[in-house]
$ cat data04.txt   # compact mmCIF, N, CA and C atoms
# COMPACT_ATOMS: atom_id res chain seq x y z
N MET A 1 -3.31 -18.41 -10.17
CA MET A 1 -2.72 -17.37 -9.34
C MET A 1 -2.43 -16.15 -10.21
N PRO A 2 -2.64 -14.98 -9.65
CA PRO A 2 -2.37 -13.76 -10.41
C PRO A 2 -0.88 -13.56 -10.63
N GLY A 3 -0.54 -12.81 -11.64
CA GLY A 3 0.85 -12.52 -11.90
C GLY A 3 1.09 -11.03 -11.99
N ALA A 4 2.28 -10.60 -11.65
CA ALA A 4 2.71 -9.21 -11.76
C ALA A 4 1.82 -8.26 -10.96
N LEU A 5 1.34 -8.68 -9.83
CA LEU A 5 0.54 -7.83 -8.96
C LEU A 5 1.47 -7.02 -8.09
N LYS A 6 1.19 -5.73 -7.98
CA LYS A 6 2.02 -4.87 -7.13
C LYS A 6 1.11 -4.19 -6.11
N ILE A 7 1.31 -4.54 -4.85
CA ILE A 7 0.56 -3.95 -3.75
C ILE A 7 1.56 -3.20 -2.88
N SER A 8 1.25 -1.97 -2.56
CA SER A 8 2.19 -1.16 -1.78
C SER A 8 2.39 -1.75 -0.39
N ARG A 9 3.48 -1.37 0.22
CA ARG A 9 3.81 -1.82 1.57
C ARG A 9 2.72 -1.41 2.56
N ASN A 10 2.25 -0.16 2.45
CA ASN A 10 1.20 0.33 3.36
C ASN A 10 -0.11 -0.44 3.16
N ALA A 11 -0.46 -0.70 1.89
CA ALA A 11 -1.69 -1.43 1.61
C ALA A 11 -1.61 -2.86 2.12
N SER A 12 -0.49 -3.53 1.91
CA SER A 12 -0.38 -4.92 2.37
C SER A 12 -0.40 -4.98 3.90
N THR A 13 0.19 -3.99 4.54
CA THR A 13 0.16 -3.95 6.01
C THR A 13 -1.28 -3.79 6.49
N HIS A 14 -2.04 -2.89 5.86
CA HIS A 14 -3.45 -2.70 6.21
C HIS A 14 -4.26 -3.97 5.96
N LEU A 15 -4.04 -4.62 4.83
CA LEU A 15 -4.82 -5.81 4.47
C LEU A 15 -4.56 -6.97 5.43
N PHE A 16 -3.41 -6.99 6.08
CA PHE A 16 -3.12 -8.07 7.03
C PHE A 16 -4.04 -8.02 8.24
N LYS A 17 -4.74 -6.93 8.44
CA LYS A 17 -5.69 -6.84 9.55
C LYS A 17 -6.87 -7.79 9.34
N TYR A 18 -7.10 -8.20 8.11
CA TYR A 18 -8.21 -9.11 7.79
C TYR A 18 -7.84 -10.58 7.98
N ILE A 19 -6.62 -10.86 8.34
CA ILE A 19 -6.16 -12.23 8.55
C ILE A 19 -6.14 -12.51 10.05
N SER A 20 -6.82 -13.57 10.46
CA SER A 20 -6.87 -13.88 11.89
C SER A 20 -5.79 -14.88 12.30
N SER A 21 -5.43 -15.79 11.39
CA SER A 21 -4.37 -16.74 11.74
C SER A 21 -3.69 -17.28 10.49
N VAL A 22 -2.45 -17.69 10.70
CA VAL A 22 -1.64 -18.33 9.65
C VAL A 22 -1.05 -19.58 10.27
N GLU A 23 -1.20 -20.70 9.57
CA GLU A 23 -0.62 -21.96 10.03
C GLU A 23 0.26 -22.52 8.93
N VAL A 24 1.49 -22.83 9.28
CA VAL A 24 2.45 -23.38 8.31
C VAL A 24 2.93 -24.72 8.84
N LYS A 25 2.78 -25.75 8.02
CA LYS A 25 3.17 -27.11 8.40
C LYS A 25 4.17 -27.62 7.37
N PHE A 26 5.36 -28.03 7.84
CA PHE A 26 6.39 -28.48 6.90
C PHE A 26 7.44 -29.34 7.59
N ASN A 27 8.16 -30.09 6.76
CA ASN A 27 9.32 -30.86 7.19
C ASN A 27 10.55 -30.04 6.80
N PRO A 28 11.34 -29.58 7.77
CA PRO A 28 12.46 -28.69 7.45
C PRO A 28 13.56 -29.34 6.60
N PHE A 29 13.56 -30.66 6.52
CA PHE A 29 14.59 -31.36 5.75
C PHE A 29 14.13 -31.74 4.35
N ASP A 30 12.92 -31.32 4.00
CA ASP A 30 12.33 -31.63 2.70
C ASP A 30 12.53 -30.42 1.77
N SER A 31 13.10 -30.63 0.61
CA SER A 31 13.39 -29.52 -0.31
C SER A 31 12.12 -28.86 -0.86
N ARG A 32 10.98 -29.54 -0.74
CA ARG A 32 9.73 -28.98 -1.24
C ARG A 32 9.18 -27.87 -0.35
N THR A 33 9.81 -27.61 0.78
CA THR A 33 9.26 -26.66 1.75
C THR A 33 9.79 -25.24 1.60
N ARG A 34 10.57 -24.98 0.61
CA ARG A 34 11.20 -23.66 0.47
C ARG A 34 10.16 -22.53 0.50
N SER A 35 9.09 -22.63 -0.27
CA SER A 35 8.12 -21.54 -0.31
C SER A 35 7.35 -21.41 1.01
N ALA A 36 7.09 -22.51 1.68
CA ALA A 36 6.40 -22.45 2.98
C ALA A 36 7.28 -21.73 4.01
N ARG A 37 8.55 -22.04 4.02
CA ARG A 37 9.47 -21.40 4.97
C ARG A 37 9.64 -19.92 4.65
N GLU A 38 9.69 -19.57 3.37
CA GLU A 38 9.82 -18.17 2.98
C GLU A 38 8.55 -17.39 3.34
N LEU A 39 7.40 -18.00 3.11
CA LEU A 39 6.14 -17.32 3.48
C LEU A 39 6.07 -17.12 4.99
N LEU A 40 6.48 -18.11 5.75
CA LEU A 40 6.51 -17.98 7.20
C LEU A 40 7.40 -16.81 7.61
N ARG A 41 8.54 -16.68 6.99
CA ARG A 41 9.44 -15.56 7.28
C ARG A 41 8.76 -14.23 6.98
N GLN A 42 8.05 -14.16 5.87
CA GLN A 42 7.39 -12.92 5.47
C GLN A 42 6.26 -12.52 6.42
N VAL A 43 5.42 -13.48 6.80
CA VAL A 43 4.27 -13.13 7.65
C VAL A 43 4.68 -12.78 9.08
N GLN A 44 5.91 -13.13 9.46
CA GLN A 44 6.40 -12.79 10.79
C GLN A 44 7.02 -11.39 10.85
N ALA A 45 6.87 -10.62 9.78
CA ALA A 45 7.42 -9.27 9.75
C ALA A 45 6.81 -8.42 10.86
N GLU A 46 7.63 -7.59 11.44
CA GLU A 46 7.22 -6.74 12.56
C GLU A 46 6.05 -5.82 12.17
N ARG A 47 6.03 -5.35 10.94
CA ARG A 47 4.96 -4.44 10.53
C ARG A 47 3.59 -5.12 10.55
N PHE A 48 3.55 -6.41 10.24
CA PHE A 48 2.28 -7.13 10.29
C PHE A 48 1.86 -7.35 11.74
N ALA A 49 2.81 -7.64 12.61
CA ALA A 49 2.50 -7.83 14.03
C ALA A 49 1.98 -6.54 14.65
N LYS A 50 2.54 -5.42 14.27
CA LYS A 50 2.08 -4.13 14.79
C LYS A 50 0.69 -3.79 14.26
N ALA A 51 0.45 -4.06 12.98
CA ALA A 51 -0.84 -3.76 12.37
C ALA A 51 -1.95 -4.66 12.89
N ASN A 52 -1.60 -5.90 13.22
CA ASN A 52 -2.61 -6.87 13.66
C ASN A 52 -2.06 -7.67 14.85
N PRO A 53 -2.11 -7.07 16.05
CA PRO A 53 -1.56 -7.76 17.22
C PRO A 53 -2.30 -9.05 17.58
N LYS A 54 -3.52 -9.25 17.07
CA LYS A 54 -4.29 -10.46 17.35
C LYS A 54 -3.95 -11.60 16.39
N LEU A 55 -3.13 -11.33 15.39
CA LEU A 55 -2.76 -12.35 14.40
C LEU A 55 -2.03 -13.50 15.08
N LYS A 56 -2.53 -14.70 14.85
CA LYS A 56 -1.91 -15.91 15.41
C LYS A 56 -1.14 -16.60 14.30
N ILE A 57 0.14 -16.81 14.53
CA ILE A 57 0.98 -17.52 13.58
C ILE A 57 1.47 -18.79 14.26
N SER A 58 1.15 -19.93 13.67
CA SER A 58 1.59 -21.19 14.25
C SER A 58 2.38 -21.99 13.22
N THR A 59 3.33 -22.70 13.73
CA THR A 59 4.19 -23.53 12.89
C THR A 59 4.16 -24.96 13.40
N SER A 60 3.98 -25.88 12.49
CA SER A 60 4.06 -27.30 12.82
C SER A 60 5.21 -27.89 12.03
N VAL A 61 6.26 -28.26 12.72
CA VAL A 61 7.40 -28.90 12.09
C VAL A 61 7.18 -30.40 12.22
N VAL A 62 7.15 -31.09 11.08
CA VAL A 62 6.84 -32.51 11.08
C VAL A 62 8.02 -33.30 10.51
N ALA A 63 8.03 -34.57 10.78
CA ALA A 63 9.08 -35.46 10.27
C ALA A 63 8.50 -36.49 9.31
N THR A 64 7.49 -36.07 8.57
CA THR A 64 6.84 -36.97 7.62
C THR A 64 7.10 -36.49 6.20
N ALA A 65 6.70 -37.29 5.24
CA ALA A 65 6.87 -36.94 3.83
C ALA A 65 5.65 -36.19 3.28
N ASP A 66 4.75 -35.77 4.16
CA ASP A 66 3.57 -35.03 3.71
C ASP A 66 3.99 -33.73 3.05
N PRO A 67 3.21 -33.28 2.06
CA PRO A 67 3.57 -32.01 1.41
C PRO A 67 3.40 -30.84 2.39
N PRO A 68 4.17 -29.79 2.20
CA PRO A 68 4.03 -28.62 3.07
C PRO A 68 2.69 -27.93 2.83
N VAL A 69 2.08 -27.45 3.90
CA VAL A 69 0.77 -26.82 3.82
C VAL A 69 0.81 -25.47 4.52
N VAL A 70 0.19 -24.48 3.87
CA VAL A 70 0.04 -23.15 4.46
C VAL A 70 -1.45 -22.83 4.48
N LYS A 71 -1.94 -22.42 5.65
CA LYS A 71 -3.38 -22.13 5.79
C LYS A 71 -3.54 -20.72 6.38
N PHE A 72 -4.36 -19.92 5.72
CA PHE A 72 -4.71 -18.59 6.20
C PHE A 72 -6.18 -18.59 6.59
N ASP A 73 -6.50 -18.08 7.76
CA ASP A 73 -7.88 -17.88 8.19
C ASP A 73 -8.15 -16.38 8.21
N PHE A 74 -9.31 -15.99 7.69
CA PHE A 74 -9.68 -14.58 7.62
C PHE A 74 -10.74 -14.26 8.67
N VAL A 75 -10.90 -12.97 8.95
CA VAL A 75 -11.83 -12.54 10.01
C VAL A 75 -13.28 -12.91 9.72
N ASP A 76 -13.62 -13.15 8.46
CA ASP A 76 -14.99 -13.53 8.12
C ASP A 76 -15.22 -15.04 8.17
N GLY A 77 -14.19 -15.80 8.58
CA GLY A 77 -14.32 -17.25 8.69
C GLY A 77 -13.87 -18.01 7.47
N THR A 78 -13.56 -17.35 6.38
CA THR A 78 -13.08 -18.04 5.19
C THR A 78 -11.63 -18.45 5.36
N GLN A 79 -11.19 -19.37 4.51
CA GLN A 79 -9.83 -19.88 4.59
C GLN A 79 -9.22 -19.97 3.19
N ARG A 80 -7.92 -19.91 3.16
CA ARG A 80 -7.15 -20.21 1.96
C ARG A 80 -6.12 -21.25 2.41
N ILE A 81 -6.12 -22.40 1.73
CA ILE A 81 -5.20 -23.48 2.07
C ILE A 81 -4.38 -23.81 0.81
N TYR A 82 -3.06 -23.86 0.99
CA TYR A 82 -2.16 -24.09 -0.13
C TYR A 82 -1.27 -25.30 0.13
N ASP A 83 -1.14 -26.14 -0.88
CA ASP A 83 -0.08 -27.14 -0.92
C ASP A 83 1.11 -26.34 -1.45
N SER A 84 1.92 -25.85 -0.54
CA SER A 84 2.90 -24.82 -0.91
C SER A 84 3.99 -25.30 -1.86
N GLN A 85 4.13 -26.59 -2.05
CA GLN A 85 5.13 -27.05 -3.02
C GLN A 85 4.72 -26.67 -4.44
N GLN A 86 3.44 -26.33 -4.63
CA GLN A 86 2.93 -25.98 -5.95
C GLN A 86 3.08 -24.49 -6.28
N TYR A 87 3.47 -23.68 -5.29
CA TYR A 87 3.52 -22.23 -5.46
C TYR A 87 4.82 -21.66 -4.91
N ILE A 88 5.16 -20.48 -5.40
CA ILE A 88 6.22 -19.73 -4.76
C ILE A 88 5.56 -18.83 -3.71
N ALA A 89 6.33 -18.37 -2.75
CA ALA A 89 5.78 -17.57 -1.65
C ALA A 89 5.03 -16.34 -2.16
N LYS A 90 5.56 -15.71 -3.18
CA LYS A 90 4.94 -14.49 -3.72
C LYS A 90 3.54 -14.78 -4.25
N GLU A 91 3.34 -15.90 -4.91
CA GLU A 91 2.02 -16.25 -5.44
C GLU A 91 1.00 -16.44 -4.33
N MET A 92 1.41 -17.13 -3.28
CA MET A 92 0.49 -17.33 -2.15
C MET A 92 0.16 -16.00 -1.49
N MET A 93 1.17 -15.16 -1.27
CA MET A 93 0.96 -13.88 -0.62
C MET A 93 0.04 -12.99 -1.46
N GLU A 94 0.24 -12.96 -2.77
CA GLU A 94 -0.62 -12.17 -3.65
C GLU A 94 -2.06 -12.64 -3.58
N ASP A 95 -2.28 -13.94 -3.59
CA ASP A 95 -3.63 -14.48 -3.52
C ASP A 95 -4.30 -14.12 -2.19
N VAL A 96 -3.55 -14.21 -1.11
CA VAL A 96 -4.07 -13.87 0.21
C VAL A 96 -4.41 -12.38 0.27
N LEU A 97 -3.55 -11.55 -0.26
CA LEU A 97 -3.81 -10.11 -0.24
C LEU A 97 -5.00 -9.74 -1.12
N LEU A 98 -5.19 -10.45 -2.22
CA LEU A 98 -6.39 -10.21 -3.05
C LEU A 98 -7.67 -10.59 -2.29
N ALA A 99 -7.62 -11.69 -1.56
CA ALA A 99 -8.78 -12.10 -0.76
C ALA A 99 -9.04 -11.07 0.34
N ALA A 100 -7.97 -10.59 0.99
CA ALA A 100 -8.11 -9.58 2.03
C ALA A 100 -8.64 -8.27 1.44
N ASN A 101 -8.21 -7.95 0.23
CA ASN A 101 -8.68 -6.73 -0.43
C ASN A 101 -10.18 -6.83 -0.72
N ALA A 102 -10.65 -8.00 -1.12
CA ALA A 102 -12.09 -8.19 -1.35
C ALA A 102 -12.86 -7.97 -0.05
N LEU A 103 -12.32 -8.45 1.06
CA LEU A 103 -12.96 -8.20 2.36
C LEU A 103 -12.96 -6.72 2.68
N ASP A 104 -11.85 -6.05 2.41
CA ASP A 104 -11.73 -4.61 2.67
C ASP A 104 -12.78 -3.84 1.88
N ILE A 105 -12.95 -4.19 0.62
CA ILE A 105 -13.96 -3.52 -0.22
C ILE A 105 -15.35 -3.78 0.33
N GLY A 106 -15.62 -5.02 0.74
CA GLY A 106 -16.92 -5.35 1.33
C GLY A 106 -17.20 -4.55 2.58
N TYR A 107 -16.20 -4.43 3.43
CA TYR A 107 -16.35 -3.63 4.65
C TYR A 107 -16.66 -2.18 4.29
N GLU A 108 -15.91 -1.66 3.33
CA GLU A 108 -16.09 -0.26 2.93
C GLU A 108 -17.49 -0.02 2.37
N LEU A 109 -17.97 -0.95 1.54
CA LEU A 109 -19.31 -0.82 0.97
C LEU A 109 -20.40 -0.86 2.04
N GLU A 110 -20.14 -1.59 3.12
CA GLU A 110 -21.09 -1.69 4.22
C GLU A 110 -20.92 -0.57 5.24
N GLY A 111 -19.96 0.31 5.00
CA GLY A 111 -19.71 1.42 5.92
C GLY A 111 -18.98 1.00 7.20
N LYS A 112 -18.34 -0.17 7.16
CA LYS A 112 -17.61 -0.68 8.31
C LYS A 112 -16.11 -0.41 8.14
N SER A 113 -15.38 -0.61 9.22
CA SER A 113 -13.93 -0.51 9.17
C SER A 113 -13.34 -1.65 9.99
N ILE A 114 -12.31 -2.26 9.51
CA ILE A 114 -11.64 -3.33 10.24
C ILE A 114 -11.04 -2.79 11.53
N ASP A 115 -10.75 -1.50 11.57
CA ASP A 115 -10.17 -0.89 12.76
C ASP A 115 -11.19 -0.74 13.89
N ASP A 116 -12.49 -0.92 13.59
CA ASP A 116 -13.54 -0.84 14.60
C ASP A 116 -13.67 -2.10 15.42
N LYS A 117 -13.00 -3.17 15.01
CA LYS A 117 -13.10 -4.46 15.72
C LYS A 117 -12.33 -4.44 17.00

$ encode --input "data04.txt" --output "structure tokens"
Amino acid sequence: MPGALKISRNASTHLFKYISSVEVKFNPFDSRTRSARELLRQVQAERFAKANPKLKISTSVVATADPPVVKFDFVDGTQRIYDSQQYIAKEMMEDVLLAANALDIGYELEGKSIDDK
């Protein structure tokens, strides 16, 4: 995972347009779920909902000892899946934004815009 990455608020809001869905699965009584719950809080920000009204955010609250899982689906069909007990929320978000940035660059090189969808 990258470290010390700084992405502006406007850039991260724009990059969220490349995410089609976020799924967070966790046991709320398990201490390993802290980063999954924090990431869920972050992706539910109003600015992301306004930038990408088609974004689907789903939560599965489970009563099992399974590790917490966070899954991001992108508009190109790719996915990022995290065993979130291994990461802090910032690390997962940075990785997702880097993947979205790569898509943004690809769109730009092809003369496309995510806003045309």

$ closest_atom_pairs --input "data04.txt" --of "range 50-70 of chain A" --to "range 75-86 of chain A" --cutoff "8 Å" --atoms "only C-alpha atoms" --output "Markdown table"
| residue | atom | partner | partner_atom | distance |
| --- | --- | --- | --- | --- |
| A:Pro67 | CA | A:Asp83 | CA | 6.5 |
| A:Pro68 | CA | A:Ser84 | CA | 5.6 |
| A:Val69 | CA | A:Asp83 | CA | 4.8 |
| A:Val70 | CA | A:Tyr82 | CA | 5.2 |

$ axis_aligned_box --input "data04.txt" --around "range 7-13 of chain A" --padding-each-side "4 Å" --output "lines of an AutoDock Vina configuration file"
center_x = 1.1
center_y = -2.3
center_z = 0.8
size_x = 13.5
size_y = 13.3
size_z = 19.3

$ select_by_dssp --input "data04.txt" --residues "range 18-66 of chain A" --states "strand (DSSP E or B)" --output "PDB file with N, CA and C atoms, keeping the file's coordinate frame"
ATOM      1  N   ILE A  19      -6.620 -10.860   8.340  1.00  0.00           N
ATOM      2  CA  ILE A  19      -6.160 -12.230   8.550  1.00  0.00           C
ATOM      3  C   ILE A  19      -6.140 -12.510  10.050  1.00  0.00           C
ATOM      4  N   SER A  20      -6.820 -13.570  10.460  1.00  0.00           N
ATOM      5  CA  SER A  20      -6.870 -13.880  11.890  1.00  0.00           C
ATOM      6  C   SER A  20      -5.790 -14.880  12.300  1.00  0.00           C
ATOM      7  N   SER A  21      -5.430 -15.790  11.390  1.00  0.00           N
ATOM      8  CA  SER A  21      -4.370 -16.740  11.740  1.00  0.00           C
ATOM      9  C   SER A  21      -3.690 -17.280  10.490  1.00  0.00           C
ATOM     10  N   VAL A  22      -2.450 -17.690  10.700  1.00  0.00           N
ATOM     11  CA  VAL A  22      -1.640 -18.330   9.650  1.00  0.00           C
ATOM     12  C   VAL A  22      -1.050 -19.580  10.270  1.00  0.00           C
ATOM     13  N   GLU A  23      -1.200 -20.700   9.570  1.00  0.00           N
ATOM     14  CA  GLU A  23      -0.620 -21.960  10.030  1.00  0.00           C
ATOM     15  C   GLU A  23       0.260 -22.520   8.930  1.00  0.00           C
ATOM     16  N   VAL A  24       1.490 -22.830   9.280  1.00  0.00           N
ATOM     17  CA  VAL A  24       2.450 -23.380   8.310  1.00  0.00           C
ATOM     18  C   VAL A  24       2.930 -24.720   8.840  1.00  0.00           C
ATOM     19  N   LYS A  25       2.780 -25.750   8.020  1.00  0.00           N
ATOM     20  CA  LYS A  25       3.170 -27.110   8.400  1.00  0.00           C
ATOM     21  C   LYS A  25       4.170 -27.620   7.370  1.00  0.00           C
ATOM     22  N   PHE A  26       5.360 -28.030   7.840  1.00  0.00           N
ATOM     23  CA  PHE A  26       6.390 -28.480   6.900  1.00  0.00           C
ATOM     24  C   PHE A  26       7.440 -29.340   7.590  1.00  0.00           C
ATOM     25  N   LYS A  56      -2.530 -14.700  14.850  1.00  0.00           N
ATOM     26  CA  LYS A  56      -1.910 -15.910  15.410  1.00  0.00           C
ATOM     27  C   LYS A  56      -1.140 -16.600  14.300  1.00  0.00           C
ATOM     28  N   ILE A  57       0.140 -16.810  14.530  1.00  0.00           N
ATOM     29  CA  ILE A  57       0.980 -17.520  13.580  1.00  0.00           C
ATOM     30  C   ILE A  57       1.470 -18.790  14.260  1.00  0.00           C
ATOM     31  N   SER A  58       1.150 -19.930  13.670  1.00  0.00           N
ATOM     32  CA  SER A  58       1.590 -21.190  14.250  1.00  0.00           C
ATOM     33  C   SER A  58       2.380 -21.990  13.220  1.00  0.00           C
ATOM     34  N   THR A  59       3.330 -22.700  13.730  1.00  0.00           N
ATOM     35  CA  THR A  59       4.190 -23.530  12.890  1.00  0.00           C
ATOM     36  C   THR A  59       4.160 -24.960  13.400  1.00  0.00           C
ATOM     37  N   SER A  60       3.980 -25.880  12.490  1.00  0.00           N
ATOM     38  CA  SER A  60       4.060 -27.300  12.820  1.00  0.00           C
ATOM     39  C   SER A  60       5.210 -27.890  12.030  1.00  0.00           C
ATOM     40  N   VAL A  61       6.260 -28.260  12.720  1.00  0.00           N
ATOM     41  CA  VAL A  61       7.400 -28.900  12.090  1.00  0.00           C
ATOM     42  C   VAL A  61       7.180 -30.400  12.220  1.00  0.00           C
TER      43      VAL A  61
END

$ select_by_dssp --input "data04.txt" --residues "chain A" --states "helix (DSSP H, G or I)" --output "VMD selection string"
chain A and resid 9 to 18 31 to 43 46 to 51 84 to 86 89 to 109 114 to 116

$ atom_distance --input "data04.txt" --atom1 "atom N of Val24 in chain A" --atom2 "atom N of Ser113 in chain A"
27.9 Å
